[in-house]
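Encoded as structure tokens, the structure appears first; notes follow it.
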Amino acid sequence: MTIGIYGIIHLASGKIYVGKSSNIEARIANHHYHLAKPTFNKKACNRHLWNAVQKYGLHSFETLVFETFPSLDETLIGERELYWMDYFNSCDREHGYNLRRDTSTGMKVHEETKRLMSEAQKGERNGNFGNHWSDDQKSLMSRLMKAAHEREDTYGDDWRE
């Protein structure tokens with residue numbers, strides 16, 4: 001079980017996907033399993049990497065481990081993943097397959113991903129499609145959301161656990 005940062009590289013183009021894991025061997029096996037499937041699973045797989053594997057074949061990719069750690073330190077491994085993503089510019093479609101760049105201050109999402117997320121929530125696909133909230137329901141929801149935000153401000157994210 002190796003803790004660290006890894007990459008999946010398309011040998012012909014040099015495009016790369018950068019990831020982190022507390023068990024690199026198991027994570028890479030999981031990638032290979034889902035990338036080799038003929039049907040895309042959006043919850044288990046990166047769409048750009050999957051499309052490239054479907055086009056070129058898994059044999060056209062190599063997996064490398066860039067950095068390993070003796071123990072799991074989420075902050076450190078997160079920082080190092082960002083370092084390698086920036087080093088390879090893997091969030092740029094010309095250079096890589098990463099869909100987003102996670103940071104400690106939030107998440108930077110590619111414009112294409114934002115557009116797809118927006119499209120996925122429009123019309124009948126929206127969970128609130130067809131709902132007509134009464135003024136009482138709107139007021140109740142507003143009070144509940146304000147109370148939740150106050151708890152979050154007071155207790156941080158721990159109140160959810």
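We name chains A, B, ... following the order of the structure tokens; residues begin at 1 in each chain, and ligands are numbered from 1 as shown.
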Find the residues near A:Ile77: any atom within 8 Å, counting only C-alpha atoms, skip ones fewer than 6 places away on the same chain, and give them as a PyMOL selection string. chain A and resi 4-5+20
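With only C-alpha atoms as the atoms that count, the minimum distance from A:Glu74 to the choices A:Ser90, A:Phe40, A:Phe61, A:Ile3 is reached by A:Ile3.
Interatomic distance, atom CA of A:His32 against atom CA of A:Glu62: 10.9 Å.
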When DSSP works through the backbone of this structure, what residues of chain A end up as strand (DSSP E), shown as a PyMOL selection string? chain A and resi 3-10+16-21+61-69+100-103+106-109
Long-range neighbours of A:Tyr56 as a list of chain:residue names, 12 Å cut-off, only C-alpha atoms, 4 positions minimum in chain: A:Ile9, A:His10, A:Leu11, A:Ala12, A:Ser13, A:Leu35, A:Ala36, A:Leu49, A:Trp50, A:Asn51, A:Ala52, A:Ser60, A:Phe61
Can you pull out the residues contacting A:Cys91? Cut-off 8 Å, using only C-alpha atoms, and skip same-chain residues under 4 positions away; I want them as number ranges by chain. A: 85, 95-101, 110
Would you save the residues from that selection as a compact mmCIF listing (two decimals), in the first residue's frame, using N, CA, C and O atoms?
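Heads up, here's the output in part.txt:
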```
# COMPACT_ATOMS: atom_id res chain seq x y z
N MET A 85 -0.10 18.90 -10.38
CA MET A 85 -1.08 19.35 -11.37
C MET A 85 -0.59 20.63 -12.05
O MET A 85 -0.71 20.79 -13.26
N HIS A 95 -2.96 19.95 -22.25
CA HIS A 95 -1.88 19.26 -21.55
C HIS A 95 -2.34 18.11 -20.66
O HIS A 95 -1.52 17.26 -20.29
N GLY A 96 -3.61 18.12 -20.27
CA GLY A 96 -4.01 17.10 -19.31
C GLY A 96 -5.48 16.76 -19.30
O GLY A 96 -6.28 17.32 -20.05
N TYR A 97 -5.81 15.84 -18.41
CA TYR A 97 -7.16 15.29 -18.30
C TYR A 97 -7.87 15.68 -17.01
O TYR A 97 -9.04 15.35 -16.85
N ASN A 98 -7.21 16.36 -16.09
CA ASN A 98 -7.88 16.71 -14.84
C ASN A 98 -9.02 17.69 -15.12
O ASN A 98 -8.86 18.64 -15.89
N LEU A 99 -10.18 17.44 -14.50
CA LEU A 99 -11.35 18.27 -14.73
C LEU A 99 -11.38 19.49 -13.82
O LEU A 99 -12.03 20.48 -14.14
N ARG A 100 -10.73 19.40 -12.68
CA ARG A 100 -10.75 20.51 -11.74
C ARG A 100 -9.47 20.53 -10.91
O ARG A 100 -8.80 19.52 -10.77
N ARG A 101 -9.20 21.68 -10.37
CA ARG A 101 -8.04 21.85 -9.50
C ARG A 101 -8.56 22.13 -8.12
O ARG A 101 -9.12 23.18 -7.86
N HIS A 110 -13.08 23.86 -14.40
CA HIS A 110 -12.92 24.26 -15.81
C HIS A 110 -14.26 24.76 -16.34
O HIS A 110 -15.32 24.27 -15.96
```
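Shortest atom-to-atom contact with A:Val65 among A:Ile8, A:Leu140, A:Val53, A:Ala26: A:Ile8, counting only C-alpha atoms.
Our summary of the geometry notes that atom CA of A:Gly7 is positioned 7.2 Å from atom CA of A:Phe66.
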Got a sec to tell me which of stretch 10-152 of chain A DSSP assigns to alpha helix (DSSP H), as a PDB file with C-alpha atoms, in the first residue's frame?
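Listing of result_24.pdb after writing:
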```
ATOM      1  CA  ILE A  24      -1.995   4.014  -5.123  1.00  0.00           C
ATOM      2  CA  GLU A  25      -2.036   0.366  -6.239  1.00  0.00           C
ATOM      3  CA  ALA A  26      -5.744  -0.034  -5.484  1.00  0.00           C
ATOM      4  CA  ARG A  27      -6.598   3.363  -6.999  1.00  0.00           C
ATOM      5  CA  ILE A  28      -4.783   2.614 -10.240  1.00  0.00           C
ATOM      6  CA  ALA A  29      -6.496  -0.791 -10.456  1.00  0.00           C
ATOM      7  CA  ASN A  30      -9.821   1.013  -9.992  1.00  0.00           C
ATOM      8  CA  HIS A  31      -8.922   3.482 -12.772  1.00  0.00           C
ATOM      9  CA  HIS A  32      -7.990   0.649 -15.136  1.00  0.00           C
ATOM     10  CA  TYR A  33     -11.200  -1.238 -14.357  1.00  0.00           C
ATOM     11  CA  HIS A  34     -13.459   1.738 -15.141  1.00  0.00           C
ATOM     12  CA  LEU A  35     -11.404   3.069 -18.064  1.00  0.00           C
ATOM     13  CA  ALA A  36     -11.540  -0.300 -19.820  1.00  0.00           C
ATOM     14  CA  ARG A  47     -14.744  11.679 -18.899  1.00  0.00           C
ATOM     15  CA  HIS A  48     -11.733  13.079 -20.794  1.00  0.00           C
ATOM     16  CA  LEU A  49      -9.439  10.288 -19.688  1.00  0.00           C
ATOM     17  CA  TRP A  50     -12.110   7.664 -20.451  1.00  0.00           C
ATOM     18  CA  ASN A  51     -12.673   9.100 -23.953  1.00  0.00           C
ATOM     19  CA  ALA A  52      -8.928   9.043 -24.643  1.00  0.00           C
ATOM     20  CA  VAL A  53      -8.628   5.431 -23.465  1.00  0.00           C
ATOM     21  CA  GLN A  54     -11.578   4.450 -25.662  1.00  0.00           C
ATOM     22  CA  LYS A  55      -9.938   6.154 -28.643  1.00  0.00           C
ATOM     23  CA  TYR A  56      -6.315   5.024 -28.164  1.00  0.00           C
ATOM     24  CA  GLU A  74      -4.119  14.936   3.978  1.00  0.00           C
ATOM     25  CA  THR A  75      -2.873  18.529   3.940  1.00  0.00           C
ATOM     26  CA  LEU A  76       0.569  17.631   2.641  1.00  0.00           C
ATOM     27  CA  ILE A  77      -0.678  15.160   0.028  1.00  0.00           C
ATOM     28  CA  GLY A  78      -3.248  17.731  -1.162  1.00  0.00           C
ATOM     29  CA  GLU A  79      -0.564  20.385  -1.539  1.00  0.00           C
ATOM     30  CA  ARG A  80       1.715  17.997  -3.402  1.00  0.00           C
ATOM     31  CA  GLU A  81      -1.094  16.946  -5.756  1.00  0.00           C
ATOM     32  CA  LEU A  82      -1.634  20.619  -6.617  1.00  0.00           C
ATOM     33  CA  TYR A  83       2.097  21.023  -7.167  1.00  0.00           C
ATOM     34  CA  TRP A  84       2.134  18.170  -9.714  1.00  0.00           C
ATOM     35  CA  MET A  85      -1.083  19.351 -11.372  1.00  0.00           C
ATOM     36  CA  ASP A  86       0.492  22.787 -11.814  1.00  0.00           C
ATOM     37  CA  TYR A  87       3.827  21.308 -12.884  1.00  0.00           C
ATOM     38  CA  PHE A  88       2.180  19.357 -15.714  1.00  0.00           C
ATOM     39  CA  GLU A 111     -15.451  26.342 -17.767  1.00  0.00           C
ATOM     40  CA  GLU A 112     -16.481  23.293 -19.806  1.00  0.00           C
ATOM     41  CA  THR A 113     -17.231  21.372 -16.609  1.00  0.00           C
ATOM     42  CA  LYS A 114     -19.282  24.300 -15.256  1.00  0.00           C
ATOM     43  CA  ARG A 115     -21.320  24.353 -18.469  1.00  0.00           C
ATOM     44  CA  LEU A 116     -21.967  20.601 -18.318  1.00  0.00           C
ATOM     45  CA  MET A 117     -22.968  20.803 -14.646  1.00  0.00           C
ATOM     46  CA  SER A 118     -25.362  23.634 -15.451  1.00  0.00           C
ATOM     47  CA  GLU A 119     -26.910  21.746 -18.379  1.00  0.00           C
ATOM     48  CA  ALA A 120     -27.357  18.657 -16.208  1.00  0.00           C
ATOM     49  CA  ASP A 135     -44.842  31.473   0.535  1.00  0.00           C
ATOM     50  CA  ASP A 136     -44.932  29.504   3.813  1.00  0.00           C
ATOM     51  CA  GLN A 137     -42.674  26.805   2.378  1.00  0.00           C
ATOM     52  CA  LYS A 138     -40.235  29.412   1.051  1.00  0.00           C
ATOM     53  CA  SER A 139     -40.165  31.158   4.427  1.00  0.00           C
ATOM     54  CA  LEU A 140     -39.554  27.887   6.292  1.00  0.00           C
ATOM     55  CA  MET A 141     -36.736  26.904   3.937  1.00  0.00           C
ATOM     56  CA  SER A 142     -35.148  30.344   4.343  1.00  0.00           C
ATOM     57  CA  ARG A 143     -35.232  30.062   8.160  1.00  0.00           C
ATOM     58  CA  LEU A 144     -33.757  26.554   8.053  1.00  0.00           C
ATOM     59  CA  MET A 145     -30.915  27.615   5.752  1.00  0.00           C
ATOM     60  CA  LYS A 146     -30.116  30.675   7.901  1.00  0.00           C
ATOM     61  CA  ALA A 147     -30.033  28.505  11.038  1.00  0.00           C
ATOM     62  CA  ALA A 148     -27.730  26.006   9.317  1.00  0.00           C
ATOM     63  CA  HIS A 149     -25.340  28.788   8.260  1.00  0.00           C
ATOM     64  CA  GLU A 150     -25.306  30.198  11.795  1.00  0.00           C
ATOM     65  CA  ARG A 151     -24.391  26.756  13.183  1.00  0.00           C
ATOM     66  CA  GLU A 152     -21.670  26.408  10.561  1.00  0.00           C
TER      67      GLU A 152
END
```
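Atom CA of A:Ser22 to atom CA of A:Asp73 spans 9.4 Å [interatomic distance, one decimal].
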